[in-house]
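Chemist: To be precise about what I am sending: the file is called coords-v1.tsv and holds TSV, C-alpha atoms.
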chain	number	residue	atom	x	y	z
A	559	MET	CA	0.00	0.00	0.00
A	560	SER	CA	1.52	3.34	-0.97
A	561	ALA	CA	1.19	6.36	1.26
A	562	VAL	CA	-1.05	9.20	0.14
A	563	GLN	CA	1.06	12.28	-0.45
A	564	VAL	CA	-0.69	15.52	0.41
A	565	SER	CA	0.62	18.53	-1.49
A	566	PHE	CA	0.89	22.05	-0.12
A	567	ASP	CA	-1.31	23.46	-2.90
A	568	ASP	CA	-4.01	20.77	-2.65
A	569	LEU	CA	-4.25	21.23	1.10
A	570	ALA	CA	-4.34	25.02	0.72
A	571	ASN	CA	-7.21	24.73	-1.78
A	572	GLN	CA	-9.16	22.38	0.52
A	573	ILE	CA	-8.71	24.68	3.52
A	574	VAL	CA	-9.82	27.75	1.54
A	575	ALA	CA	-12.82	25.88	0.08
A	576	ALA	CA	-13.87	24.85	3.61
A	577	GLY	CA	-13.53	28.44	4.88
A	578	GLY	CA	-10.55	27.70	7.13
A	579	LYS	CA	-8.40	30.55	8.33
A	580	ILE	CA	-5.09	28.66	8.68
A	581	GLY	CA	-2.68	27.72	5.90
A	582	PRO	CA	-1.26	24.26	5.13
A	583	SER	CA	2.11	24.92	6.77
A	584	GLU	CA	0.56	26.00	10.03
A	585	LEU	CA	-1.80	22.99	9.91
A	586	HIS	CA	1.12	20.62	9.31
A	587	GLY	CA	3.07	22.23	12.15
A	588	PHE	CA	0.02	21.78	14.40
A	589	ILE	CA	-0.22	18.10	13.46
A	590	CYS	CA	3.51	17.58	14.07
A	591	GLY	CA	3.29	19.37	17.42
A	592	LEU	CA	0.45	17.09	18.48
A	593	LEU	CA	2.48	14.06	17.42
A	594	ALA	CA	5.58	15.30	19.23
A	595	ALA	CA	3.54	15.75	22.40
A	596	GLY	CA	2.49	12.10	22.18
A	597	ALA	CA	-0.93	12.26	20.50
A	598	ARG	CA	-1.61	9.67	17.81
A	599	PRO	CA	-3.96	9.98	14.83
A	600	GLU	CA	-7.41	8.82	15.86
A	601	LYS	CA	-10.13	9.94	13.47
A	602	SER	CA	-12.77	11.45	15.75
A	603	ARG	CA	-10.34	13.24	18.07
A	604	TRP	CA	-8.26	14.57	15.18
A	605	GLN	CA	-11.31	15.74	13.24
A	606	LYS	CA	-12.34	17.76	16.28
A	607	GLU	CA	-8.82	19.13	16.97
A	608	ILE	CA	-8.19	20.08	13.34
A	609	ALA	CA	-11.64	21.61	12.88
A	610	GLU	CA	-11.13	23.75	15.99
A	611	PHE	CA	-7.65	24.76	14.83
A	612	LEU	CA	-9.00	25.78	11.40
A	613	ASP	CA	-11.95	27.54	13.10
A	614	LEU	CA	-14.49	25.33	11.30
A	615	GLU	CA	-17.68	23.73	12.59
A	616	ALA	CA	-16.81	20.48	10.81
A	617	LEU	CA	-14.25	19.22	8.32
A	618	PRO	CA	-15.32	18.33	4.78
A	619	ALA	CA	-14.63	14.71	3.80
A	620	ASP	CA	-11.66	15.50	1.54
A	621	LEU	CA	-10.00	17.67	4.19
A	622	THR	CA	-10.62	15.01	6.85
A	623	ARG	CA	-9.10	12.33	4.62
A	624	ASP	CA	-6.04	14.37	3.68
A	625	SER	CA	-5.47	15.71	7.21
A	626	LEU	CA	-5.50	12.18	8.61
A	627	ALA	CA	-3.24	10.99	5.77
A	628	LEU	CA	-0.88	13.88	6.53
A	629	ALA	CA	-0.91	12.96	10.23
A	630	GLU	CA	-0.16	9.30	9.48
A	631	GLN	CA	2.62	10.19	7.03
A	632	SER	CA	4.08	12.73	9.45
A	633	LYS	CA	4.07	10.15	12.26
A	634	LYS	CA	5.83	7.70	9.97
A	635	ASP	CA	8.39	10.29	8.84
A	636	LEU	CA	9.06	11.55	12.37
A	637	SER	CA	9.50	7.94	13.56
A	638	SER	CA	11.73	6.94	10.67
A	639	LYS	CA	15.42	6.40	11.21
A	640	ASP	CA	16.23	7.81	7.75
A	641	PHE	CA	15.48	11.45	8.72
A	642	SER	CA	13.01	11.77	5.82
A	643	PHE	CA	10.72	14.16	7.69
A	644	GLN	CA	10.17	17.54	6.02
A	645	PRO	CA	7.92	20.39	7.17
A	646	LEU	CA	5.16	21.08	4.63
A	647	LEU	CA	6.18	24.46	3.25
A	648	SER	CA	5.56	26.48	0.11
A	649	SER	CA	7.95	25.56	-2.66
A	650	GLY	CA	7.33	28.75	-4.63
A	651	ASP	CA	10.08	30.99	-5.98
A	652	ASP	CA	9.31	33.88	-3.62
A	653	LEU	CA	11.68	33.71	-0.67
A	654	ALA	CA	9.42	35.86	1.53
A	655	GLU	CA	6.51	33.46	0.98
A	656	ARG	CA	8.66	30.42	1.80
A	657	GLY	CA	10.00	32.17	4.88
A	658	GLN	CA	6.49	33.07	6.00
A	659	THR	CA	5.34	29.46	5.67
A	660	LEU	CA	8.28	28.37	7.85
A	661	CYS	CA	7.29	30.92	10.51
A	662	LEU	CA	3.70	29.69	10.39
A	663	TRP	CA	4.83	26.06	10.58
A	664	CYS	CA	6.70	26.85	13.81
A	665	GLU	CA	3.66	28.67	15.21
A	666	GLY	CA	1.46	25.68	14.39
A	667	PHE	CA	3.95	23.26	15.97
A	668	LEU	CA	3.95	25.23	19.23
A	669	HIS	CA	0.15	25.32	19.28
A	670	GLY	CA	-0.09	21.59	18.59
A	671	PHE	CA	2.50	20.75	21.22
A	672	GLY	CA	0.50	22.79	23.73
A	673	VAL	CA	-2.81	21.19	22.77
A	674	GLY	CA	-1.15	17.76	22.92
A	675	LYS	CA	-0.38	18.42	26.61
A	676	TYR	CA	2.99	16.73	26.83
A	677	SER	CA	3.18	15.57	30.45
A	678	GLY	CA	6.74	14.35	30.84
A	679	GLU	CA	9.90	16.13	31.89
A	680	LEU	CA	10.87	18.23	28.88
A	681	PRO	CA	14.52	17.57	27.99
A	682	PRO	CA	16.69	20.72	27.85
A	683	THR	CA	17.38	20.38	24.11
A	684	SER	CA	13.65	20.15	23.35
A	685	SER	CA	12.90	23.06	25.64
A	686	GLU	CA	15.52	25.18	23.85
A	687	ALA	CA	14.19	24.13	20.43
A	688	LEU	CA	10.64	25.12	21.41
A	689	LYS	CA	11.96	28.54	22.47
A	690	ASP	CA	13.73	28.81	19.12
A	691	PHE	CA	10.49	27.90	17.33
A	692	ALA	CA	8.76	30.74	19.21
A	693	ASP	CA	11.48	33.13	18.03
A	694	ILE	CA	11.27	31.88	14.44
A	695	ALA	CA	7.47	32.23	14.48
A	696	GLN	CA	7.93	35.94	15.26
A	697	LEU	CA	10.37	36.68	12.42
A	698	ASP	CA	9.42	39.20	9.74
A	699	ALA	CA	9.76	36.99	6.68
A	700	ALA	CA	8.12	39.61	4.45
A	701	SER	CA	11.43	41.48	4.36
A	702	LEU	CA	13.30	38.55	2.77
A	703	GLU	CA	14.61	39.27	-0.71
A	704	ASN	CA	15.36	36.75	-3.41
A	705	ASP	CA	19.14	36.71	-3.18
A	706	ALA	CA	21.63	33.91	-2.68
A	707	GLU	CA	22.69	34.90	0.85
A	708	GLN	CA	19.14	35.08	2.20
A	709	GLU	CA	18.28	31.86	0.35
A	710	ARG	CA	21.16	30.14	2.17
A	711	GLU	CA	20.11	31.61	5.53
A	712	LEU	CA	16.51	30.48	5.06
A	713	PHE	CA	17.71	26.99	4.11
A	714	GLU	CA	19.80	26.82	7.30
A	715	VAL	CA	16.87	27.89	9.49
A	716	GLN	CA	14.57	25.45	7.69
A	717	GLU	CA	17.05	22.62	8.22
A	718	TYR	CA	17.38	23.56	11.90
A	719	VAL	CA	13.58	23.46	12.29
A	720	ARG	CA	13.40	20.08	10.55
A	721	MET	CA	16.07	18.52	12.76
A	722	ALA	CA	14.73	20.18	15.92
A	723	ALA	CA	11.24	18.79	15.23
A	724	LEU	CA	12.72	15.32	14.78
A	725	ASN	CA	14.67	15.71	18.00
A	726	ILE	CA	11.64	16.91	19.99
A	727	PHE	CA	9.62	13.97	18.68
A	728	VAL	CA	12.33	11.45	19.61
A	729	GLU	CA	13.00	12.96	23.05
A	730	CYS	CA	9.34	13.24	23.99
A	731	ASN	CA	8.22	9.85	22.65
A	732	PRO	CA	9.66	6.62	23.97
A	733	PRO	CA	10.47	4.12	21.20
A	734	SER	CA	7.31	2.11	21.96
A	735	THR	CA	5.09	5.11	21.15
A	736	ALA	CA	7.28	6.77	18.52
A	737	ASP	CA	7.24	3.63	16.37
A	738	ASP	CA	4.16	1.49	16.84
A	739	SER	CA	5.64	-1.52	15.02
A	740	GLN	CA	6.52	-4.64	16.96
A	741	LYS	CA	10.30	-4.32	16.64
A	742	PRO	CA	12.37	-5.66	19.51
A	743	ALA	CA	13.81	-2.93	21.71
A	744	GLY	CA	17.56	-2.51	21.55
A	745	PRO	CA	20.17	-0.01	22.59
A	746	THR	CA	20.05	3.42	20.99
A	747	LEU	CA	23.22	4.47	19.26
A	748	HIS	CA	24.05	8.17	19.05
Here is a file; write its structure as structure tokens.
Modeler:
Amino acid sequence: MSAVQVSFDDLANQIVAAGGKIGPSELHGFICGLLAAGARPEKSRWQKEIAEFLDLEALPADLTRDSLALAEQSKKDLSSKDFSFQPLLSSGDDLAERGQTLCLWCEGFLHGFGVGKYSGELPPTSSEALKDFADIAQLDAASLENDAEQERELFEVQEYVRMAALNIFVECNPPSTADDSQKPAGPTLH
């Protein structure tokens, strides 16, 4: 069975058609924050959480399907040992737009992590990363210009966010909940 891939543009169109007030990057960040806090995709709970986050009474069927597919794929990617996880961001040519979607992704992640009510002791590296996400969410990405230096800087921040999200997920989810497969537990190599 192949995984359903949800594109940024398709998700944006579905959210707009439903009357949602949040973009696809912020929604994906929210989903990843919930996952990092320990929540797992369960249709009725996630429909409610996502509808509330998008400020909708109910989710249309296509948005429900793709949101749940995005949650399942994100859980798989965050749990994977191949570091394949990527935040869902705009891939357009405009650097300011891409930067803005990264800021919104971080804002969504923080919201999702809060809604997910992580109850354990937050490791120092995760705590620091969450503070960094809060700082990134406040950046003025509209001032970014399409030049090589700012492109490189945005790439570095995006890569930091990607790796920090992976790290938060791993630190806040024991192997038995991070990867629901029945693999035997073994030592973790760093």
Chemist: Just the number, please: distance in Å from CA of Val673 in chain A to CA of Glu607 in chain A, one decimal.
Modeler: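 Rounded to one decimal, the two atoms are 8.6 Å apart.
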Chemist: Please measure the separation of CA of Glu711 in chain A and CA of Leu646 in chain A, giving the value in Å to one decimal.
Modeler: 18.3 Å
Chemist: Quick one: of A:Pro733, A:Thr659, A:Leu680, A:Met721, who's nearest to Ala699 in chain A, counting only C-alpha atoms?
Modeler: A:Thr659
Chemist: Show which residues sit within 7 Å of Val564 in chain A, as a list in words. Count all atoms listed in the file, and ignore same-chain residues fewer than 3 positions away.
Modeler: Asp568, Leu569, Asp624 and Leu628 of chain A
Chemist: A:Gly596, A:Leu636, A:Ile573, A:Ser565: which is nearest Gly670 in chain A, counting all atoms listed in the file?
Modeler: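 Comparing A:Gly596, A:Leu636, A:Ile573, A:Ser565 against Gly670 in chain A, the winner is A:Gly596.
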